[in-house]
$ cat start_14.txt   # compact mmCIF, C-alpha atoms and all ligand atoms
# COMPACT_ATOMS: atom_id res chain seq x y z
CA MET A 773 11.05 -50.90 23.49
CA ASP A 774 14.67 -52.00 23.83
CA ALA A 775 15.36 -51.71 27.59
CA LYS A 776 18.34 -49.39 27.08
CA TYR A 777 16.04 -46.60 25.89
CA CYS A 778 14.27 -43.88 27.83
CA VAL A 779 10.90 -43.01 26.27
CA ALA A 780 9.16 -39.62 26.30
CA ALA A 781 5.69 -39.10 24.85
CA THR A 782 2.42 -37.23 24.66
CA GLY A 783 0.22 -37.99 27.67
CA TYR A 784 0.60 -39.50 31.12
CA GLN A 785 2.77 -42.56 31.67
CA LEU A 786 0.57 -45.05 33.50
CA ASN A 787 3.28 -47.53 34.57
CA SER A 788 6.09 -45.23 35.74
CA ASP A 789 6.49 -47.25 38.96
CA GLU A 790 7.55 -50.31 36.96
CA VAL A 791 9.23 -48.69 33.95
CA ASN A 792 11.11 -45.39 33.87
CA CYS A 793 14.29 -43.72 32.67
CA SER A 794 16.42 -44.39 35.77
CA LEU A 795 15.22 -47.85 36.81
CA PRO A 796 17.71 -50.56 35.76
CA THR A 797 16.30 -53.76 34.36
CA THR A 798 17.59 -57.22 33.59
CA ARG A 799 15.01 -57.71 30.86
CA SER A 800 15.91 -56.98 27.23
CA THR A 801 12.73 -54.96 26.56
CA LYS A 802 10.44 -52.65 28.52
CA LYS A 803 6.80 -51.87 27.89
CA TRP A 804 5.89 -48.16 28.25
CA HIS A 805 2.22 -47.33 28.66
CA PHE A 806 0.99 -43.77 27.95
CA PHE A 807 -2.53 -42.33 28.04
CA ALA A 808 -3.59 -38.93 26.64
CA PRO A 809 -7.14 -37.59 26.96
CA LYS A 810 -8.72 -35.34 24.31
CA VAL A 811 -5.78 -35.03 21.91
CA HIS A 812 -5.77 -35.05 18.10
CA ASP A 813 -2.14 -36.09 17.58
CA PHE A 814 0.74 -37.56 19.57
CA VAL A 815 4.52 -37.85 19.64
CA TRP A 816 6.97 -40.27 21.16
CA ALA A 817 10.75 -40.14 21.29
CA ALA A 818 13.34 -42.59 22.62
CA ASP A 819 17.02 -42.19 23.44
CA PRO A 820 19.36 -44.31 25.59
CA ASP A 821 21.08 -41.10 26.81
CA TYR A 822 18.03 -39.11 27.94
CA VAL A 823 17.89 -37.87 31.50
CA HIS A 824 14.37 -37.23 32.77
CA LYS A 825 14.00 -34.17 35.04
CA VAL A 826 10.67 -33.46 36.71
CA TYR A 827 9.56 -30.02 37.87
CA THR A 828 6.37 -29.75 39.90
CA ARG A 829 4.53 -26.41 39.79
CA THR A 830 2.78 -25.09 42.92
CA ASN A 831 -0.58 -26.07 41.41
CA GLY A 832 0.62 -29.65 41.03
CA GLN A 833 1.21 -29.55 37.27
CA ILE A 834 4.26 -31.52 36.15
CA LEU A 835 6.81 -30.22 33.64
CA ASN A 836 8.94 -33.03 32.21
CA PHE A 837 12.33 -32.39 30.59
CA TYR A 838 14.02 -35.15 28.61
CA TYR A 839 17.49 -34.41 27.20
CA GLN A 840 21.05 -35.62 26.81
CA GLU A 841 22.98 -34.07 29.66
CA ASN A 842 26.18 -32.51 28.28
CA GLU A 843 27.83 -29.11 27.68
CA LYS A 844 25.43 -28.41 24.78
CA THR A 845 22.34 -28.60 26.99
CA GLU A 846 23.57 -26.47 29.93
CA ASN A 847 20.74 -23.99 29.32
CA TRP A 848 18.10 -26.72 29.64
CA LYS A 849 18.79 -26.66 33.39
CA LEU A 850 17.51 -23.07 33.55
CA LEU A 851 14.34 -23.83 31.62
CA PRO A 852 12.01 -25.26 34.34
CA LYS A 853 11.81 -22.10 36.49
CA ILE A 854 11.48 -19.82 33.44
CA ILE A 855 8.68 -21.93 31.97
CA ASP A 856 6.94 -22.00 35.36
CA THR A 857 6.96 -18.17 35.48
CA ALA A 858 5.91 -17.98 31.83
CA LEU A 859 2.95 -20.28 32.47
CA VAL A 860 1.56 -17.96 35.15
CA PHE A 861 1.42 -15.16 32.55
CA ILE A 862 0.19 -17.48 29.78
CA GLU A 863 -2.66 -18.99 31.79
CA LYS A 864 -3.84 -15.57 32.98
CA ASN A 865 -3.91 -14.10 29.47
CA PHE A 866 -4.69 -17.01 27.18
CA GLY A 867 -6.59 -19.47 29.39
CA PRO A 868 -5.60 -22.35 31.67
CA TYR A 869 -3.52 -25.31 30.51
CA PRO A 870 -6.01 -28.12 31.16
CA TYR A 871 -3.67 -31.12 31.40
CA LYS A 872 -1.67 -32.32 34.40
CA SER A 873 1.66 -32.46 32.55
CA TYR A 874 3.70 -31.16 29.63
CA SER A 875 6.98 -32.54 28.26
CA PHE A 876 9.95 -30.76 26.68
CA ILE A 877 11.84 -33.39 24.71
CA GLN A 878 15.21 -32.91 23.03
CA GLY A 879 14.93 -34.02 19.42
CA GLY A 880 13.70 -33.14 15.96
CA ASP A 881 15.19 -30.46 13.73
CA GLY A 882 14.20 -27.17 15.37
CA GLY A 883 11.00 -27.01 17.35
CA MET A 884 7.82 -28.96 16.67
CA GLU A 885 4.55 -28.88 18.53
CA TYR A 886 2.48 -31.86 19.64
CA PRO A 887 -0.28 -32.25 22.20
CA MET A 888 1.14 -32.16 25.74
CA ALA A 889 4.73 -32.19 24.42
CA THR A 890 7.27 -30.63 22.10
CA LEU A 891 10.48 -31.71 20.35
CA ILE A 892 13.25 -29.11 20.58
CA THR A 893 16.87 -29.32 19.46
CA GLY A 894 19.67 -28.96 22.06
CA ASN A 895 22.69 -26.64 21.76
CA ARG A 896 20.83 -23.33 21.98
CA LYS A 897 21.56 -19.97 23.55
CA LEU A 898 19.22 -19.31 26.47
CA ASN A 899 17.06 -16.70 24.68
CA SER A 900 16.66 -19.04 21.69
CA LEU A 901 15.80 -22.01 23.90
CA VAL A 902 13.26 -19.98 25.86
CA GLY A 903 11.76 -18.47 22.68
CA VAL A 904 11.25 -21.79 20.91
CA SER A 905 10.04 -23.52 24.09
CA ILE A 906 7.37 -20.88 24.67
CA HIS A 907 6.38 -20.86 21.00
CA GLU A 908 5.86 -24.64 20.95
CA LEU A 909 4.13 -24.56 24.33
CA MET A 910 1.71 -21.91 22.98
CA HIS A 911 0.67 -24.34 20.28
CA SER A 912 -1.05 -26.24 23.12
CA TRP A 913 -3.51 -23.35 22.89
CA TYR A 914 -3.44 -22.46 19.21
CA GLN A 915 -3.74 -25.72 17.31
CA MET A 916 -4.16 -28.29 20.12
CA LEU A 917 -6.98 -26.92 22.33
CA LEU A 918 -8.30 -24.51 19.72
CA ALA A 919 -7.98 -27.07 17.00
CA THR A 920 -8.18 -24.92 13.89
CA ASP A 921 -7.28 -26.60 10.62
CA GLU A 922 -3.60 -25.67 10.45
CA ALA A 923 -3.38 -26.15 6.68
CA GLU A 924 -6.37 -23.93 5.95
CA PHE A 925 -5.64 -21.35 8.66
CA PRO A 926 -1.87 -21.40 9.26
CA TRP A 927 -2.04 -17.77 10.39
CA MET A 928 -4.38 -18.70 13.28
CA ASP A 929 -1.99 -21.46 14.29
CA GLU A 930 1.54 -20.05 13.78
CA GLY A 931 0.39 -16.44 13.97
CA PHE A 932 -1.47 -16.63 17.27
CA ALA A 933 1.28 -18.83 18.78
CA SER A 934 3.86 -16.24 17.64
CA TYR A 935 1.83 -13.37 19.13
CA ALA A 936 1.50 -15.14 22.50
CA GLU A 937 5.19 -16.12 22.39
CA TYR A 938 6.19 -12.49 21.85
CA GLU A 939 3.94 -11.19 24.63
CA THR A 940 5.22 -13.84 27.05
CA GLU A 941 8.88 -13.16 26.17
CA GLN A 942 8.35 -9.42 26.72
CA HIS A 943 6.92 -10.26 30.15
CA LEU A 944 9.95 -12.44 31.00
CA LYS A 945 12.32 -9.71 29.79
CA ARG A 946 10.55 -7.15 31.97
CA LEU A 947 11.15 -9.52 34.91
CA ASN A 948 14.83 -9.76 33.90
CA LEU A 949 14.58 -13.52 33.53
CA ILE A 950 16.46 -13.65 30.23
CA PRO A 951 19.92 -12.21 30.91
CA GLU A 952 21.08 -9.42 28.55
CA GLU A 953 17.66 -9.22 26.90
CA LYS A 954 15.62 -6.02 27.33
CA PRO A 955 11.94 -5.62 26.42
CA ASP A 956 11.23 -3.76 23.16
CA ASP A 957 10.36 -0.05 23.29
CA ILE A 958 8.06 -0.39 20.29
CA GLN A 959 5.96 -3.55 20.43
CA PHE A 960 6.20 -5.92 17.44
CA LYS A 961 8.58 -3.49 15.69
CA SER A 962 10.56 -6.17 13.87
CA SER A 963 7.35 -8.01 12.86
CA ILE A 964 5.91 -4.83 11.35
CA GLU A 965 9.19 -4.28 9.47
CA ALA A 966 9.15 -7.88 8.20
CA TYR A 967 5.54 -7.47 7.06
CA ARG A 968 6.40 -4.23 5.19
CA LYS A 969 9.16 -6.09 3.36
CA LEU A 970 6.69 -8.84 2.43
CA ALA A 971 4.02 -6.36 1.31
CA LEU A 972 6.54 -4.59 -0.94
CA SER A 973 8.16 -7.81 -2.21
CA GLY A 974 5.63 -8.49 -4.95
CA VAL A 975 5.24 -12.13 -3.87
CA GLU A 976 2.80 -11.68 -1.00
CA GLU A 977 -0.25 -13.99 -1.10
CA ASN A 978 -3.37 -13.49 1.00
CA LEU A 979 -4.03 -15.26 4.29
CA LYS A 980 -6.78 -17.35 2.74
CA THR A 981 -4.12 -19.32 0.85
CA HIS A 982 -3.87 -23.00 1.87
CA ALA A 983 -0.51 -23.64 3.58
CA ASP A 984 0.53 -26.15 0.90
CA HIS A 985 -0.26 -23.85 -1.98
CA TYR A 986 1.75 -20.70 -1.34
CA HIS A 987 4.05 -20.20 -4.29
CA THR A 988 7.12 -19.42 -2.13
CA ASN A 989 8.17 -20.54 1.33
CA TYR A 990 9.00 -16.88 2.06
CA ALA A 991 5.41 -15.81 1.42
CA TYR A 992 4.06 -18.77 3.45
CA GLY A 993 6.34 -18.13 6.42
CA ASN A 994 5.78 -14.39 6.61
CA ALA A 995 2.03 -14.64 6.07
CA SER A 996 1.58 -17.35 8.71
CA TYR A 997 3.97 -16.31 11.45
CA VAL A 998 4.37 -12.56 10.94
CA LYS A 999 1.16 -11.31 9.33
CA GLY A 1000 -0.76 -13.87 11.43
CA ALA A 1001 0.63 -12.40 14.66
CA LEU A 1002 0.05 -8.88 13.36
CA THR A 1003 -3.65 -9.71 12.93
CA LEU A 1004 -3.91 -9.47 16.71
CA VAL A 1005 -1.69 -6.38 16.80
CA GLN A 1006 -3.97 -4.68 14.25
CA LEU A 1007 -6.99 -5.64 16.34
CA GLU A 1008 -5.20 -3.98 19.28
CA TYR A 1009 -4.73 -0.90 17.11
CA LEU A 1010 -8.42 -0.98 16.16
CA LEU A 1011 -9.93 -1.87 19.54
CA GLY A 1012 -7.30 -1.68 22.29
CA LYS A 1013 -5.25 -4.34 24.04
CA GLU A 1014 -7.87 -5.07 26.68
CA VAL A 1015 -10.48 -6.02 24.08
CA VAL A 1016 -8.04 -8.33 22.31
CA ARG A 1017 -7.02 -10.03 25.56
CA ASN A 1018 -10.66 -10.46 26.59
CA SER A 1019 -11.49 -11.78 23.13
CA LEU A 1020 -8.70 -14.37 23.30
CA LEU A 1021 -10.04 -15.59 26.65
CA GLU A 1022 -13.62 -15.66 25.39
CA TYR A 1023 -12.41 -17.50 22.27
CA TYR A 1024 -10.62 -20.01 24.51
CA TRP A 1025 -13.65 -20.72 26.71
CA THR A 1026 -16.10 -20.83 23.80
CA TRP A 1027 -14.02 -22.98 21.46
CA ARG A 1028 -11.52 -25.11 23.39
CA PHE A 1029 -11.63 -28.80 22.42
CA LYS A 1030 -13.52 -27.77 19.28
CA HIS A 1031 -12.50 -26.81 15.76
CA PRO A 1032 -13.09 -23.07 15.30
CA ASP A 1033 -12.33 -21.24 12.07
CA ASP A 1034 -11.47 -17.63 11.27
CA VAL A 1035 -15.09 -16.44 11.20
CA ASP A 1036 -15.70 -17.94 14.67
CA PHE A 1037 -12.79 -15.91 15.98
CA PHE A 1038 -13.81 -12.63 14.34
CA ARG A 1039 -17.37 -13.03 15.62
CA ILE A 1040 -16.04 -13.25 19.21
CA VAL A 1041 -14.00 -10.06 18.72
CA GLU A 1042 -16.91 -8.17 17.15
CA LYS A 1043 -19.16 -9.08 20.09
CA GLN A 1044 -16.52 -8.12 22.66
CA ALA A 1045 -15.96 -4.73 21.01
CA ASN A 1046 -19.46 -4.07 19.67
CA VAL A 1047 -18.09 -3.15 16.24
CA GLU A 1048 -18.19 -4.59 12.71
CA LEU A 1049 -15.00 -6.08 11.32
CA ASP A 1050 -16.13 -7.57 7.99
CA TRP A 1051 -14.24 -4.85 6.08
CA PHE A 1052 -11.04 -5.56 8.06
CA TYR A 1053 -11.41 -9.29 7.36
CA GLU A 1054 -11.87 -8.63 3.65
CA TYR A 1055 -8.83 -6.37 3.32
CA TRP A 1056 -6.43 -8.05 5.78
CA ILE A 1057 -7.32 -11.74 5.38
CA GLU A 1058 -8.74 -11.97 1.88
CA SER A 1059 -6.57 -9.43 0.08
CA THR A 1060 -3.01 -8.15 -0.01
CA LYS A 1061 -4.04 -4.50 -0.16
CA THR A 1062 -1.90 -2.23 2.00
CA VAL A 1063 -2.30 0.66 4.44
CA ASP A 1064 -0.60 3.96 3.75
CA TYR A 1065 -1.73 7.20 5.34
CA ALA A 1066 0.15 10.48 5.03
CA ILE A 1067 0.10 14.02 6.30
CA ASP A 1068 -0.98 16.01 3.27
CA THR A 1069 -1.09 19.71 4.17
CA ILE A 1070 -1.31 21.89 7.22
CA TYR A 1071 -2.36 25.52 7.24
CA LYS A 1072 -3.49 28.37 9.42
CA VAL A 1073 -7.26 29.03 9.42
CA ASP A 1074 -7.05 32.04 11.77
CA LYS A 1075 -5.08 33.00 14.85
CA ASN A 1076 -6.67 30.19 16.92
CA GLU A 1077 -7.24 27.39 14.47
CA THR A 1078 -5.17 25.12 12.25
CA LEU A 1079 -6.43 22.73 9.59
CA LEU A 1080 -4.68 19.42 9.02
CA SER A 1081 -5.38 17.44 5.88
CA ILE A 1082 -4.64 13.70 6.01
CA GLU A 1083 -4.49 11.55 2.91
CA ARG A 1084 -5.23 7.86 2.44
CA ILE A 1085 -2.73 6.87 -0.26
CA ASP A 1086 -3.29 3.09 -0.43
CA LEU A 1087 -6.63 1.29 -0.59
CA PHE A 1088 -6.82 -0.30 2.88
CA PRO A 1089 -8.94 1.96 5.14
CA MET A 1090 -8.25 2.16 8.87
CA PRO A 1091 -9.26 4.49 11.70
CA MET A 1092 -6.59 7.05 12.42
CA GLU A 1093 -4.86 8.27 15.58
CA VAL A 1094 -3.15 11.65 15.39
CA ASN A 1095 -0.84 13.11 18.03
CA VAL A 1096 -0.26 16.86 18.12
CA GLU A 1097 2.72 17.98 20.20
CA THR A 1098 2.69 21.64 21.20
CA ILE A 1099 5.69 23.88 21.89
CA ASP A 1100 4.82 23.89 25.60
CA GLY A 1101 5.18 20.10 25.76
CA GLN A 1102 1.55 18.97 25.60
CA ASN A 1103 0.52 15.91 23.62
CA ILE A 1104 -3.03 15.97 22.32
CA LEU A 1105 -4.44 12.78 20.83
CA TYR A 1106 -7.17 12.87 18.17
CA TYR A 1107 -9.08 9.75 17.19
CA ILE A 1108 -10.78 9.50 13.79
CA PRO A 1109 -13.06 6.43 13.67
CA LEU A 1110 -13.70 4.65 10.38
CA ASP A 1111 -17.38 4.65 9.42
CA LEU A 1112 -17.20 0.98 8.27
CA MET A 1113 -16.43 -0.14 11.82
CA ARG A 1114 -19.74 1.28 13.13
CA GLY A 1115 -18.14 1.83 16.50
CA SER A 1116 -15.02 3.12 18.17
CA LYS A 1117 -11.96 2.04 20.05
CA LYS A 1118 -12.28 2.62 23.81
CA PHE A 1119 -9.26 4.44 25.15
CA VAL A 1120 -8.92 3.26 28.73
CA ASP A 1121 -5.67 4.88 29.83
CA LYS A 1122 -5.46 8.11 27.82
CA LYS A 1123 -7.51 11.19 27.05
CA VAL A 1124 -8.55 11.47 23.44
CA ILE A 1125 -10.48 13.92 21.29
CA GLN A 1126 -13.15 12.02 19.34
CA CYS A 1127 -13.54 13.27 15.77
CA LYS A 1128 -16.27 12.61 13.22
CA PRO A 1129 -15.84 9.28 11.38
CA TRP A 1130 -13.79 9.10 8.16
CA HIS A 1131 -16.07 8.02 5.31
CA TRP A 1132 -14.11 5.12 3.84
CA VAL A 1133 -14.48 6.03 0.15
CA LYS A 1134 -12.89 9.45 0.72
CA THR A 1135 -9.14 9.74 0.20
CA ASN A 1136 -8.79 12.91 2.28
CA TYR A 1137 -9.87 14.01 5.72
CA SER A 1138 -9.71 17.51 7.21
CA LEU A 1139 -9.09 17.81 10.91
CA ASN A 1140 -9.67 21.12 12.66
CA LEU A 1141 -7.10 21.27 15.45
CA GLU A 1142 -8.26 24.34 17.41
CA ILE A 1143 -4.61 25.05 18.19
CA PRO A 1144 -2.76 28.07 16.74
CA LEU A 1145 -0.29 26.97 14.06
CA HIS A 1146 2.65 28.72 15.72
CA LYS A 1147 2.08 26.65 18.89
CA ILE A 1148 2.42 23.29 17.12
CA LYS A 1149 5.76 21.54 17.35
CA ALA A 1150 5.00 18.23 15.58
CA ILE A 1151 2.13 16.15 14.22
CA THR A 1152 2.34 12.34 14.11
CA LEU A 1153 -0.03 9.79 12.60
CA ASP A 1154 -0.12 6.45 14.43
CA PRO A 1155 1.97 7.68 17.39
CA THR A 1156 2.16 4.20 18.97
CA ASN A 1157 3.67 2.70 15.78
CA GLN A 1158 1.19 -0.18 15.86
CA LEU A 1159 -0.37 0.34 12.46
CA VAL A 1160 0.93 -1.67 9.50
CA ASP A 1161 1.39 1.53 7.47
CA ILE A 1162 3.80 0.46 4.75
CA ASP A 1163 5.39 3.91 4.39
CA PRO A 1164 5.83 5.51 7.82
CA SER A 1165 8.11 8.24 6.35
CA ASN A 1166 5.07 10.40 5.52
CA ASN A 1167 3.43 9.98 8.95
CA GLN A 1168 5.09 12.88 10.70
CA ILE A 1169 5.66 16.57 10.21
CA ILE A 1170 7.99 18.52 12.48
CA LEU A 1171 7.26 22.25 12.46
CA LYS A 1172 9.65 23.37 15.18
CA GLU A 1173 12.84 21.60 16.23
ZN ZN B 1 4.85 -22.79 15.47
$ encode --input "start_14.txt" --output "structure tokens"
Amino acid sequence: MDAKYCVAATGYQLNSDEVNCSLPTTRSTKKWHFFAPKVHDFVWAADPDYVHKVYTRTNGQILNFYYQENEKTENWKLLPKIIDTALVFIEKNFGPYPYKSYSFIQGGDGGMEYPMATLITGNRKLNSLVGVSIHELMHSWYQMLLATDEAEFPWMDEGFASYAEYETEQHLKRLNLIPEEKPDDIQFKSSIEAYRKLALSGVEENLKTHADHYHTNYAYGNASYVKGALTLVQLEYLLGKEVVRNSLLEYYWTWRFKHPDDVDFFRIVEKQANVELDWFYEYWIESTKTVDYAIDTIYKVDKNETLLSIERIDLFPMPMEVNVETIDGQNILYYIPLDLMRGSKKFVDKKVIQCKPWHWVKTNYSLNLEIPLHKIKAITLDPTNQLVDIDPSNNQIILKE
């Protein structure tokens, strides 16, 4: 390489004592020698204006930052400490980063992932820089270590990276590490809204579509990034967050440095939760069918009992959570399992009334509330707003203001 240039790349530089970004040389060229174990791709970038900043984590891992130091990259100076904090959360929830270094390199046309490195453009607001940095870093898990075929399963690549990015950003916001950014009240709210728009757009294609063969870029992008991430959010709705987190760790340890596919992932989740998910896979991954549940009718049975009828309007069956708020301020949660799942969600942090399973072919379900009608203030389906119900307007009935 022309001696004026500083080189950044995938892997470990083996001759940094002789050749580096700050060492002057009288020679016209320099030879840079990098080594990367167990990678399936690599990147290198060169710029005469790069500065090379090194941040050493307490566990000895090295974070490299290569960028042009000017007013447009002011926020890059804040990145090392934020990434260090993010990595503590990431490694705990998604598995350890197994290499000794990772490099953030200014370059490219947005953000692009590579093994042990990423190319990111400069001139970004702090929240944008942090968001893209964490997204690309998460590809070290989803696509690099868990080397799924990204053309065949873009939703496992972009989707899982987007899910982990979101969870990590929420963690950083809760720690107040991104100024002026607050964590969301409703998790993945904007993703669920974006998915609804896609589902109603008429151009949605199913997640089995090869990345190159989506008819529109809109359908590709929303299926891969948004619906892909919501796969894990729907599994949280079905099975609880703890099961999904444990599944992602089990998936990591079972399949890292291998090439898992979608069935390998679902099998891990099924075993963690002791349920069957073939029906969910068929509707969510292989079809574009949608979820829409609604409160149908509510009436008084006698002075102690009320009957609630719930309707499945669209074809996609899901278990149902129903919150009944009483006039004296109690919230009672009912859980209706879906028979196809052959098991139930475990509610670890709340009390729940288990109901008989909903037989999936039936469009209606009657729930006996054992609460007098006049004592009910409101009834809400999907009270945590996690379900991808495409019409939430029919999910609630308010009886008393
Ligand atoms: Zn990505």
$ residues_near_ligand --input "start_14.txt" --ligand "ligand ZN 1 (chain B)" --cutoff "12 Å" --atoms "all atoms listed in the file" --output "VMD selection string"
chain A and resid 882 to 886 890 to 892 903 to 916 922 926 to 937 993 996 to 998 1000 to 1001
$ closest_atom_pairs --input "start_14.txt" --of "segment 797-899 of chain A" --to "segment 1020-1034 of chain A" --cutoff "9 Å" --atoms "all atoms listed in the file" --output "tab-separated table"
residue	atom	partner	partner_atom	distance
A:Lys810	CA	A:Phe1029	CA	7.4
A:Val811	CA	A:Phe1029	CA	8.6
A:Lys864	CA	A:Leu1021	CA	8.9
A:Asn865	CA	A:Leu1021	CA	6.9
A:Phe866	CA	A:Leu1021	CA	5.6
A:Gly867	CA	A:Leu1021	CA	5.9
$ residues_around --input "start_14.txt" --residues "Leu979 of chain A" --least-positions-apart "3" --cutoff "9 Å" --atoms "all atoms listed in the file" --output "number ranges by chain"
A: 925-927, 982, 992, 995-996, 999-1000, 1056-1060
$ write_last_selection --input "start_14.txt" --atoms "C-alpha atoms" --output "short mmCIF file (atom, residue, chain, number, x, y, z; two decimals), in the coordinates of the input"
data_model
loop_
_atom_site.label_atom_id
_atom_site.label_comp_id
_atom_site.auth_asym_id
_atom_site.auth_seq_id
_atom_site.Cartn_x
_atom_site.Cartn_y
_atom_site.Cartn_z
CA PHE A 925 -5.64 -21.35 8.66
CA PRO A 926 -1.87 -21.40 9.26
CA TRP A 927 -2.04 -17.77 10.39
CA HIS A 982 -3.87 -23.00 1.87
CA TYR A 992 4.06 -18.77 3.45
CA ALA A 995 2.03 -14.64 6.07
CA SER A 996 1.58 -17.35 8.71
CA LYS A 999 1.16 -11.31 9.33
CA GLY A 1000 -0.76 -13.87 11.43
CA TRP A 1056 -6.43 -8.05 5.78
CA ILE A 1057 -7.32 -11.74 5.38
CA GLU A 1058 -8.74 -11.97 1.88
CA SER A 1059 -6.57 -9.43 0.08
CA THR A 1060 -3.01 -8.15 -0.01
#
$ residues_around --input "start_14.txt" --residues "Thr857 of chain A" --least-positions-apart "4" --cutoff "12 Å" --atoms "only C-alpha atoms" --output "list of chain:residue names"
A:Arg829, A:Thr830, A:Leu850, A:Leu851, A:Pro852, A:Lys853, A:Phe861, A:Ile862, A:Glu863, A:Lys864, A:Val902, A:Ile906, A:Thr940, A:Glu941, A:His943, A:Leu944, A:Lys945, A:Leu947, A:Asn948, A:Leu949, A:Ile950
$ residues_around --input "start_14.txt" --residues "segment 1088-1092 of chain A" --least-positions-apart "4" --cutoff "8 Å" --atoms "all atoms listed in the file" --output "PyMOL selection string"
chain A and resi 1010+1055+1061-1064+1084+1107-1110+1130+1132+1153-1154
$ write_last_selection --input "start_14.txt" --atoms "C-alpha atoms" --output "compact mmCIF listing (two decimals), keeping the file's coordinate frame"
# COMPACT_ATOMS: atom_id res chain seq x y z
CA LEU A 1010 -8.42 -0.98 16.16
CA TYR A 1055 -8.83 -6.37 3.32
CA LYS A 1061 -4.04 -4.50 -0.16
CA THR A 1062 -1.90 -2.23 2.00
CA VAL A 1063 -2.30 0.66 4.44
CA ASP A 1064 -0.60 3.96 3.75
CA ARG A 1084 -5.23 7.86 2.44
CA TYR A 1107 -9.08 9.75 17.19
CA ILE A 1108 -10.78 9.50 13.79
CA PRO A 1109 -13.06 6.43 13.67
CA LEU A 1110 -13.70 4.65 10.38
CA TRP A 1130 -13.79 9.10 8.16
CA TRP A 1132 -14.11 5.12 3.84
CA LEU A 1153 -0.03 9.79 12.60
CA ASP A 1154 -0.12 6.45 14.43
$ atom_distance --input "start_14.txt" --atom1 "atom CA of Ser973 of chain A" --atom2 "atom CA of Leu1087 of chain A"
17.4 Å
$ atom_distance --input "start_14.txt" --atom1 "atom CA of Lys872 of chain A" --atom2 "atom CA of Asp856 of chain A"
13.5 Å
$ residues_around --input "start_14.txt" --residues "Glu841 of chain A" --least-positions-apart "2" --cutoff "8 Å" --atoms "all atoms listed in the file" --output "ChimeraX atom specification"
/A:821-823,839,843-846
$ build_atoms --input "start_14.txt" --residues "segment 1071-1082 of chain A" --atoms "N, CA and C atoms" --output "JSON list (two decimals), in the coordinates of the input"
[["chain", "number", "residue", "atom", "x", "y", "z"],
["A", 1071, "TYR", "N", -2.38, 24.07, 7.40],
["A", 1071, "TYR", "CA", -2.36, 25.52, 7.24],
["A", 1071, "TYR", "C", -3.18, 26.24, 8.30],
["A", 1072, "LYS", "N", -2.87, 27.52, 8.41],
["A", 1072, "LYS", "CA", -3.49, 28.37, 9.42],
["A", 1072, "LYS", "C", -4.87, 28.81, 8.94],
["A", 1073, "VAL", "N", -5.91, 28.57, 9.76],
["A", 1073, "VAL", "CA", -7.26, 29.03, 9.42],
["A", 1073, "VAL", "C", -7.41, 30.47, 9.91],
["A", 1074, "ASP", "N", -7.10, 30.70, 11.18],
["A", 1074, "ASP", "CA", -7.05, 32.04, 11.77],
["A", 1074, "ASP", "C", -6.09, 31.98, 12.94],
["A", 1075, "LYS", "N", -6.11, 32.98, 13.80],
["A", 1075, "LYS", "CA", -5.08, 33.00, 14.85],
["A", 1075, "LYS", "C", -5.28, 31.90, 15.91],
["A", 1076, "ASN", "N", -6.43, 31.25, 15.93],
["A", 1076, "ASN", "CA", -6.67, 30.19, 16.92],
["A", 1076, "ASN", "C", -6.74, 28.79, 16.33],
["A", 1077, "GLU", "N", -6.95, 28.71, 15.04],
["A", 1077, "GLU", "CA", -7.24, 27.39, 14.47],
["A", 1077, "GLU", "C", -6.28, 27.00, 13.34],
["A", 1078, "THR", "N", -6.04, 25.66, 13.28],
["A", 1078, "THR", "CA", -5.17, 25.12, 12.25],
["A", 1078, "THR", "C", -5.91, 23.95, 11.59],
["A", 1079, "LEU", "N", -5.79, 23.84, 10.30],
["A", 1079, "LEU", "CA", -6.43, 22.73, 9.59],
["A", 1079, "LEU", "C", -5.38, 21.74, 9.10],
["A", 1080, "LEU", "N", -5.60, 20.48, 9.45],
["A", 1080, "LEU", "CA", -4.68, 19.42, 9.02],
["A", 1080, "LEU", "C", -5.42, 18.55, 8.01],
["A", 1081, "SER", "N", -4.79, 18.34, 6.86],
["A", 1081, "SER", "CA", -5.38, 17.44, 5.88],
["A", 1081, "SER", "C", -4.57, 16.15, 5.84],
["A", 1082, "ILE", "N", -5.29, 15.02, 6.02],
["A", 1082, "ILE", "CA", -4.64, 13.70, 6.01],
["A", 1082, "ILE", "C", -5.09, 12.97, 4.76]]
